[in-house]
$ cat my_file_10.tsv   # TSV, C-alpha atoms
chain	number	residue	atom	x	y	z
A	10	MET	CA	242.30	169.81	-94.55
A	11	SER	CA	241.88	167.97	-91.23
A	12	HIS	CA	241.75	164.18	-90.97
A	13	PRO	CA	238.11	163.01	-91.24
A	14	THR	CA	238.27	161.31	-87.81
A	15	THR	CA	238.67	164.74	-86.20
A	16	ARG	CA	235.34	165.79	-87.75
A	17	LEU	CA	233.40	162.92	-86.16
A	18	ASP	CA	230.88	164.22	-83.66
A	19	PRO	CA	230.96	162.29	-80.36
A	20	ALA	CA	227.33	163.26	-79.70
A	21	ILE	CA	226.10	161.18	-82.63
A	22	HIS	CA	228.92	158.76	-83.41
A	23	GLN	CA	227.57	156.18	-80.95
A	24	PRO	CA	225.55	153.70	-83.12
A	25	ALA	CA	222.24	154.05	-81.23
A	26	ARG	CA	222.37	157.85	-81.43
A	27	LEU	CA	223.38	157.65	-85.08
A	28	GLY	CA	220.32	155.43	-85.66
A	29	ILE	CA	218.00	157.76	-83.73
A	30	LEU	CA	219.12	160.81	-85.69
A	31	THR	CA	218.90	158.92	-89.00
A	32	ALA	CA	215.32	157.81	-88.28
A	33	ALA	CA	214.37	161.32	-87.12
A	34	CYS	CA	215.85	162.86	-90.27
A	35	GLU	CA	213.98	160.41	-92.51
A	36	THR	CA	210.65	161.36	-90.98
A	37	LYS	CA	208.90	164.60	-90.14
A	38	ARG	CA	208.47	163.20	-86.65
A	39	ILE	CA	208.50	159.74	-85.12
A	40	ASP	CA	207.06	158.58	-81.83
A	41	PHE	CA	209.01	157.03	-78.97
A	42	VAL	CA	207.50	153.54	-79.30
A	43	SER	CA	208.05	153.34	-83.07
A	44	LEU	CA	211.62	154.53	-82.67
A	45	ARG	CA	212.24	151.98	-79.92
A	46	GLU	CA	210.93	149.18	-82.14
A	47	LEU	CA	212.72	150.43	-85.25
A	48	LEU	CA	216.09	150.46	-83.49
A	49	ASP	CA	215.43	147.55	-81.15
A	50	LEU	CA	216.35	149.53	-78.02
A	51	THR	CA	215.01	149.42	-74.48
A	52	ASP	CA	212.99	152.30	-73.02
A	53	GLY	CA	215.80	153.35	-70.69
A	54	ASN	CA	218.47	153.13	-73.35
A	55	LEU	CA	216.45	155.18	-75.81
A	56	SER	CA	215.62	157.81	-73.17
A	57	ARG	CA	219.28	158.17	-72.25
A	58	HIS	CA	220.41	158.58	-75.85
A	59	LEU	CA	217.55	160.99	-76.58
A	60	SER	CA	218.63	163.17	-73.65
A	61	THR	CA	222.16	163.33	-75.06
A	62	LEU	CA	220.88	164.29	-78.49
A	63	GLU	CA	218.42	166.80	-77.05
A	64	ASN	CA	221.16	168.41	-74.95
A	65	ALA	CA	223.29	168.70	-78.07
A	66	GLY	CA	220.36	170.46	-79.80
A	67	TYR	CA	220.05	167.76	-82.48
A	68	VAL	CA	216.51	166.54	-81.72
A	69	LYS	CA	213.49	167.99	-80.00
A	70	THR	CA	210.70	166.11	-78.29
A	71	THR	CA	207.04	167.09	-78.06
A	72	LYS	CA	204.21	165.43	-76.20
A	73	THR	CA	200.67	165.00	-77.56
A	74	PHE	CA	197.62	162.90	-76.72
A	75	VAL	CA	196.32	160.29	-79.19
A	76	ASP	CA	193.11	158.54	-78.12
A	77	ARG	CA	193.66	160.02	-74.64
A	78	LYS	CA	197.06	158.33	-74.40
A	79	PRO	CA	200.24	160.40	-74.14
A	80	ARG	CA	202.62	160.21	-77.07
A	81	THR	CA	206.20	161.48	-77.23
A	82	TRP	CA	207.24	162.63	-80.69
A	83	ILE	CA	210.86	163.05	-81.73
A	84	SER	CA	211.93	165.29	-84.59
A	85	ALA	CA	215.33	166.33	-85.91
A	86	THR	CA	216.36	169.99	-85.68
A	87	PRO	CA	218.17	171.73	-88.57
A	88	ALA	CA	221.37	171.45	-86.51
A	89	GLY	CA	220.75	167.71	-86.16
A	90	ARG	CA	220.25	167.29	-89.90
A	91	LYS	CA	223.48	169.14	-90.58
A	92	ALA	CA	225.35	167.14	-87.93
A	93	LEU	CA	224.17	163.86	-89.48
A	94	ALA	CA	225.16	164.99	-92.97
A	95	ASP	CA	228.62	166.01	-91.70
A	96	GLU	CA	229.05	162.74	-89.80
A	97	LEU	CA	228.11	160.64	-92.83
A	98	ALA	CA	230.43	162.69	-95.04
A	99	ALA	CA	233.30	162.11	-92.60
A	100	LEU	CA	232.56	158.35	-92.42
A	101	ARG	CA	232.46	158.12	-96.23
A	102	GLU	CA	235.73	159.98	-96.41
A	103	ILE	CA	237.36	157.54	-93.97
A	104	VAL	CA	236.14	154.55	-96.01
A	105	GLY	CA	237.15	156.23	-99.29
A	106	ALA	CA	240.63	157.05	-97.99
A	107	ALA	CA	241.14	153.45	-96.81
A	108	ASP	CA	239.97	152.10	-100.20
A	109	ALA	CA	242.31	154.45	-102.05
A	110	ASP	CA	245.10	153.46	-99.68
A	111	SER	CA	244.65	149.73	-100.22
A	112	ALA	CA	244.32	150.19	-104.00
A	113	GLY	CA	247.56	152.20	-104.22
A	114	ARG	CA	249.58	150.09	-101.78
A	115	ASP	CA	252.54	148.17	-103.22
A	116	PRO	CA	252.12	144.51	-102.21
A	117	ARG	CA	255.97	143.94	-102.19
A	118	PRO	CA	257.97	144.60	-98.99
A	119	ALA	CA	259.22	148.18	-98.68
A	120	THR	CA	262.85	147.17	-98.01
A	121	GLY	CA	264.89	145.16	-100.46
A	122	LEU	CA	266.14	142.82	-97.71
A	123	ALA	CA	265.60	139.11	-98.26
A	124	PRO	CA	263.90	137.32	-95.38
A	125	GLY	CA	266.11	135.20	-93.13
B	14	MET	CA	236.21	173.03	-82.13
B	15	ALA	CA	239.16	172.32	-79.84
B	16	LYS	CA	236.91	170.20	-77.63
B	17	ARG	CA	235.73	168.14	-80.60
B	18	GLY	CA	239.34	167.70	-81.71
B	19	ILE	CA	240.41	166.36	-78.31
B	20	VAL	CA	237.46	164.00	-78.18
B	21	ALA	CA	238.21	162.82	-81.69
B	22	VAL	CA	241.80	161.98	-80.71
B	23	MET	CA	240.41	159.83	-77.90
B	24	HIS	CA	237.86	158.36	-80.26
B	25	PRO	CA	238.11	154.67	-81.24
B	26	LEU	CA	238.19	155.65	-84.90
B	27	ALA	CA	241.31	157.70	-84.40
B	28	GLY	CA	243.47	154.62	-83.78
B	29	ASP	CA	244.37	151.85	-86.24
B	30	GLU	CA	243.43	153.06	-89.74
B	31	SER	CA	242.15	149.72	-91.09
B	32	ALA	CA	239.99	149.28	-87.98
B	33	SER	CA	238.78	152.87	-88.43
B	34	ALA	CA	237.71	152.18	-92.00
B	35	ARG	CA	235.98	148.93	-91.00
B	36	ASP	CA	234.17	150.71	-88.18
B	37	ALA	CA	233.17	153.57	-90.47
B	38	ALA	CA	231.91	151.14	-93.12
B	39	ALA	CA	229.91	149.24	-90.48
B	40	ARG	CA	228.33	152.50	-89.28
B	41	LEU	CA	227.43	153.49	-92.84
B	42	ARG	CA	225.79	150.09	-93.38
B	43	TYR	CA	223.88	150.49	-90.12
B	44	VAL	CA	222.67	153.95	-91.16
B	45	ALA	CA	221.58	152.59	-94.57
B	46	GLY	CA	219.59	149.84	-92.82
B	47	VAL	CA	217.86	152.25	-90.44
B	48	ARG	CA	217.11	154.60	-93.33
B	49	GLU	CA	215.51	151.80	-95.37
B	50	ARG	CA	213.39	150.60	-92.46
B	51	ALA	CA	212.24	154.14	-91.68
B	52	ARG	CA	211.39	154.83	-95.33
B	53	ARG	CA	209.52	151.52	-95.54
B	54	ALA	CA	207.42	152.53	-92.56
B	55	VAL	CA	206.83	156.06	-93.85
B	56	LEU	CA	206.21	155.41	-97.53
B	57	ALA	CA	204.45	152.03	-97.22
B	58	PRO	CA	204.95	151.33	-100.97
B	59	SER	CA	202.80	148.20	-100.83
B	60	LEU	CA	199.84	150.32	-99.80
B	61	ALA	CA	200.58	152.60	-102.75
B	62	LEU	CA	200.51	149.50	-104.96
B	63	VAL	CA	197.10	148.62	-103.54
B	64	ALA	CA	196.03	152.21	-104.25
B	65	LEU	CA	197.29	151.85	-107.83
B	66	GLY	CA	195.21	148.67	-108.11
B	67	VAL	CA	192.14	150.48	-106.84
B	68	VAL	CA	192.73	153.32	-109.34
B	69	VAL	CA	193.08	150.87	-112.24
B	70	VAL	CA	189.98	148.90	-111.19
B	71	THR	CA	188.00	152.13	-110.76
B	72	HIS	CA	189.20	153.35	-114.15
B	73	GLY	CA	188.08	150.06	-115.70
B	74	VAL	CA	184.66	150.16	-114.04
B	75	VAL	CA	184.08	153.83	-114.94
B	76	LYS	CA	185.20	153.24	-118.52
B	77	THR	CA	182.83	150.27	-118.82
B	78	MET	CA	179.91	152.22	-117.45
B	79	TRP	CA	180.64	155.49	-119.29
B	80	PRO	CA	182.77	154.70	-122.34
B	81	HIS	CA	183.06	158.38	-123.30
B	82	ALA	CA	186.73	159.30	-122.69
B	83	THR	CA	186.15	162.88	-121.49
B	84	LEU	CA	183.52	161.75	-119.04
B	85	VAL	CA	185.91	159.13	-117.60
B	86	TRP	CA	188.46	161.86	-116.88
B	87	ILE	CA	185.87	164.24	-115.43
B	88	VAL	CA	184.62	161.51	-113.10
B	89	LEU	CA	188.16	160.55	-112.05
B	90	VAL	CA	189.31	164.14	-111.45
B	91	ALA	CA	186.10	164.97	-109.58
B	92	GLY	CA	186.55	161.82	-107.53
B	93	ALA	CA	190.20	162.71	-106.75
B	94	VAL	CA	189.22	166.24	-105.69
B	95	ALA	CA	186.36	164.93	-103.56
B	96	VAL	CA	188.38	162.28	-101.78
B	97	ARG	CA	191.51	164.46	-101.29
B	98	PRO	CA	190.49	165.82	-97.85
B	99	VAL	CA	189.46	162.33	-96.80
B	100	VAL	CA	192.82	160.90	-97.95
B	101	ARG	CA	194.70	163.70	-96.17
B	102	TRP	CA	192.76	163.03	-92.99
B	103	LEU	CA	193.39	159.29	-93.32
B	104	ILE	CA	197.15	159.84	-93.86
B	105	ALA	CA	197.35	162.16	-90.84
B	106	ARG	CA	195.30	159.75	-88.76
B	107	SER	CA	197.36	156.73	-89.82
B	108	GLY	CA	200.54	158.71	-89.10
B	109	GLU	CA	199.29	159.38	-85.57
B	110	ARG	CA	198.40	155.74	-85.10
B	111	ARG	CA	201.54	154.27	-86.69
B	112	GLY	CA	203.83	156.70	-84.95
B	113	PHE	CA	205.39	158.02	-88.16
B	114	HIS	CA	204.93	161.26	-90.02
B	115	GLY	CA	206.65	161.19	-93.38
B	116	GLY	CA	209.07	163.94	-94.30
B	117	MET	CA	208.35	166.23	-97.24
B	118	ARG	CA	211.61	165.29	-99.03
B	119	LEU	CA	210.54	161.68	-99.67
B	120	ARG	CA	207.03	162.65	-100.76
B	121	VAL	CA	208.35	165.35	-103.07
B	122	ALA	CA	210.82	162.87	-104.63
B	123	CYS	CA	208.05	160.33	-105.31
B	124	GLY	CA	205.61	163.03	-106.46
B	125	ALA	CA	208.18	164.59	-108.81
B	126	ALA	CA	208.92	161.18	-110.35
B	127	GLY	CA	205.18	160.61	-110.82
B	128	ALA	CA	204.69	164.06	-112.40
B	129	LEU	CA	207.60	163.48	-114.77
B	130	ALA	CA	206.18	160.09	-115.76
B	131	ALA	CA	202.75	161.67	-116.34
B	132	ALA	CA	204.29	164.33	-118.58
B	133	ILE	CA	206.16	161.69	-120.59
B	134	ALA	CA	202.98	159.59	-120.83
B	135	VAL	CA	201.01	162.57	-122.19
B	136	TRP	CA	203.79	163.26	-124.69
B	137	MET	CA	203.78	159.57	-125.77
B	138	GLY	CA	200.01	159.33	-125.83
B	139	ALA	CA	199.84	156.87	-122.92
B	140	SER	CA	197.76	157.06	-119.74
B	141	PRO	CA	199.27	159.68	-117.38
B	142	LEU	CA	197.26	158.30	-114.46
B	143	ILE	CA	198.70	154.80	-114.61
B	144	SER	CA	202.22	156.03	-115.48
B	145	ALA	CA	202.30	158.54	-112.64
B	146	THR	CA	200.97	156.15	-110.00
B	147	ALA	CA	203.17	153.24	-111.12
B	148	THR	CA	206.31	155.41	-111.24
B	149	ALA	CA	205.67	157.08	-107.88
B	150	THR	CA	205.07	153.63	-106.35
B	151	ALA	CA	208.20	152.19	-107.98
B	152	VAL	CA	210.34	155.06	-106.66
B	153	ALA	CA	208.83	154.73	-103.18
B	154	ALA	CA	209.51	150.97	-103.14
B	155	TYR	CA	213.08	151.50	-104.39
B	156	LEU	CA	213.77	154.14	-101.73
B	157	ALA	CA	212.34	151.79	-99.12
B	158	GLY	CA	214.77	149.05	-100.16
B	159	LEU	CA	212.14	146.81	-101.75
B	160	PRO	CA	213.39	146.42	-105.35
B	161	GLU	CA	211.08	143.50	-106.13
B	162	LEU	CA	208.05	145.61	-105.25
B	163	SER	CA	209.49	148.41	-107.37
B	164	LEU	CA	209.79	146.01	-110.33
B	165	ALA	CA	206.23	144.77	-109.74
B	166	ALA	CA	204.96	148.37	-109.91
B	167	VAL	CA	206.89	149.04	-113.12
B	168	GLY	CA	205.67	145.76	-114.64
B	169	ALA	CA	202.07	146.47	-113.72
B	170	GLY	CA	202.32	150.01	-115.08
B	171	VAL	CA	203.81	148.83	-118.38
B	172	ALA	CA	201.21	146.06	-118.71
B	173	GLY	CA	198.40	148.50	-117.95
B	174	GLU	CA	199.69	151.01	-120.48
B	175	ALA	CA	200.14	148.28	-123.11
B	176	MET	CA	196.57	147.10	-122.61
B	177	LEU	CA	195.21	150.61	-122.84
B	178	THR	CA	197.21	151.64	-125.90
B	179	HIS	CA	196.58	148.39	-127.78
B	180	GLY	CA	192.91	148.39	-126.86
B	181	ILE	CA	192.96	144.81	-125.52
B	182	ALA	CA	189.60	144.62	-123.77
B	183	PRO	CA	190.38	147.64	-121.57
B	184	SER	CA	187.64	147.15	-119.02
B	185	ILE	CA	188.37	143.47	-118.32
B	186	GLY	CA	192.12	143.99	-118.68
B	187	GLU	CA	192.09	146.82	-116.18
B	188	LEU	CA	190.03	144.82	-113.73
B	189	VAL	CA	192.47	141.89	-113.99
B	190	ILE	CA	195.54	144.14	-113.61
B	191	GLY	CA	193.91	146.09	-110.77
B	192	VAL	CA	193.10	142.95	-108.83
B	193	ALA	CA	196.66	141.64	-109.48
B	194	LEU	CA	198.10	144.89	-108.16
B	195	ILE	CA	195.97	144.72	-105.04
B	196	ALA	CA	197.15	141.12	-104.51
B	197	VAL	CA	200.84	142.04	-105.02
B	198	GLY	CA	200.42	145.05	-102.71
B	199	THR	CA	198.87	142.88	-100.02
B	200	VAL	CA	201.71	140.34	-100.28
B	201	GLY	CA	204.22	143.22	-100.28
B	202	HIS	CA	202.62	144.65	-97.17
B	203	ALA	CA	203.23	141.36	-95.37
B	204	ARG	CA	206.86	141.46	-96.56
B	205	GLU	CA	207.24	145.07	-95.39
B	206	ARG	CA	206.07	144.09	-91.94
B	207	HIS	CA	208.45	141.11	-91.99
B	208	CYS	CA	211.43	143.33	-92.98
B	209	SER	CA	210.70	146.05	-90.44
$ encode --input "my_file_10.tsv" --output "structure tokens"
Amino acid sequence: MSHPTTRLDPAIHQPARLGILTAACETKRIDFVSLRELLDLTDGNLSRHLSTLENAGYVKTTKTFVDRKPRTWISATPAGRKALADELAALREIVGAADADSAGRDPRPATGLAPG
Amino acid sequence: MAKRGIVAVMHPLAGDESASARDAAARLRYVAGVRERARRAVLAPSLALVALGVVVVTHGVVKTMWPHATLVWIVLVAGAVAVRPVVRWLIARSGERRGFHGGMRLRVACGAAGALAAAIAVWMGASPLISATATATAVAAYLAGLPELSLAAVGAGVAGEAMLTHGIAPSIGELVIGVALIAVGTVGHARERHCS
């Protein structure tokens, strides 16, 4: 069994990308403006992170017209949903391992030497 | 796989273990926050509470005008069937406007909870309509991270059921509860917007 940190996916570990994929997985599809407001990102920042996720095959974007205005919709792909589930499982494992570690740790010094 | 392994070794989480755990916990909290905000926007539980209020008020009005129980149900079912395409169109339209289209998983979870509550209500001789709507709303509010709205929905559902089963002036009682639900839903909607 590999250490959970080795299973973290660099494509989604960055907080903004983690947020984008989470929001996309919670919805059928979400538009660019709503996503920007939900995550409090700038246009450029969101575009950059979306490109990374799209290149990784985790999200797909589609363009439609609503009231004659263009809209960009973002939706998670099955690979993206799986990647998010794996990432969250790895994060939970890291936290769980640290909790178990601190619970089982002996508070006394490991050596029997007296200080000084 | 090898590439991911190399990147992971260079990754900030691969260093100090206590820092890794803190970072992982912070990311999990961030994900939980984003999830709640997205669900709040998708499910809009306060609007469901308003809808529950409208259903209760309508039920009260219909029951006052046509006290015959079977007729009340026929009118309500006919009304639900008639308005279904309109509601679907409104949901789709509002999704386009709001920039969110809800996923099936959340709707199925809320719908399943409502169906289960309706079945239990039928078995207990209570109103399946109120039970189903109140439960579905409570689950939606809970999933959206609005526990107080969830409690309000449960409270309103229980009060509505109690009034119906004990026969305490059903028409007036339903009108009062319905209006209260609409008021709570409206206040909740303001809170949803504030939290988003």
$ atom_distance --input "my_file_10.tsv" --atom1 "CA of Arg38 in chain A" --atom2 "CA of Thr81 in chain A"
9.8 Å
$ residues_around --input "my_file_10.tsv" --residues "Ala134 in chain B" --least-positions-apart "3" --cutoff "12 Å" --atoms "all atoms listed in the file" --output "VMD selection string"
chain B and resid 127 to 131 137 to 148 170 to 171 174 to 175 178
$ interface_residues --input "my_file_10.tsv" --of "chain A" --to "chain B" --cutoff "9 Å" --atoms "only C-alpha atoms" --output "PyMOL selection string"
chain A and resi 14-19+22+24+27-29+31-44+46-48+75+80+82+97+99-101+103-108
$ atom_distance --input "my_file_10.tsv" --atom1 "CA of Lys69 in chain A" --atom2 "CA of Pro87 in chain A"
10.5 Å
$ atom_distance --input "my_file_10.tsv" --atom1 "CA of Leu159 in chain B" --atom2 "CA of Ala172 in chain B"
20.2 Å
$ closest_residue --input "my_file_10.tsv" --among "A:Ala98, A:Ala92, A:Leu59, A:Ala65" --to "Pro13 in chain A" --atoms "only C-alpha atoms"
A:Ala98
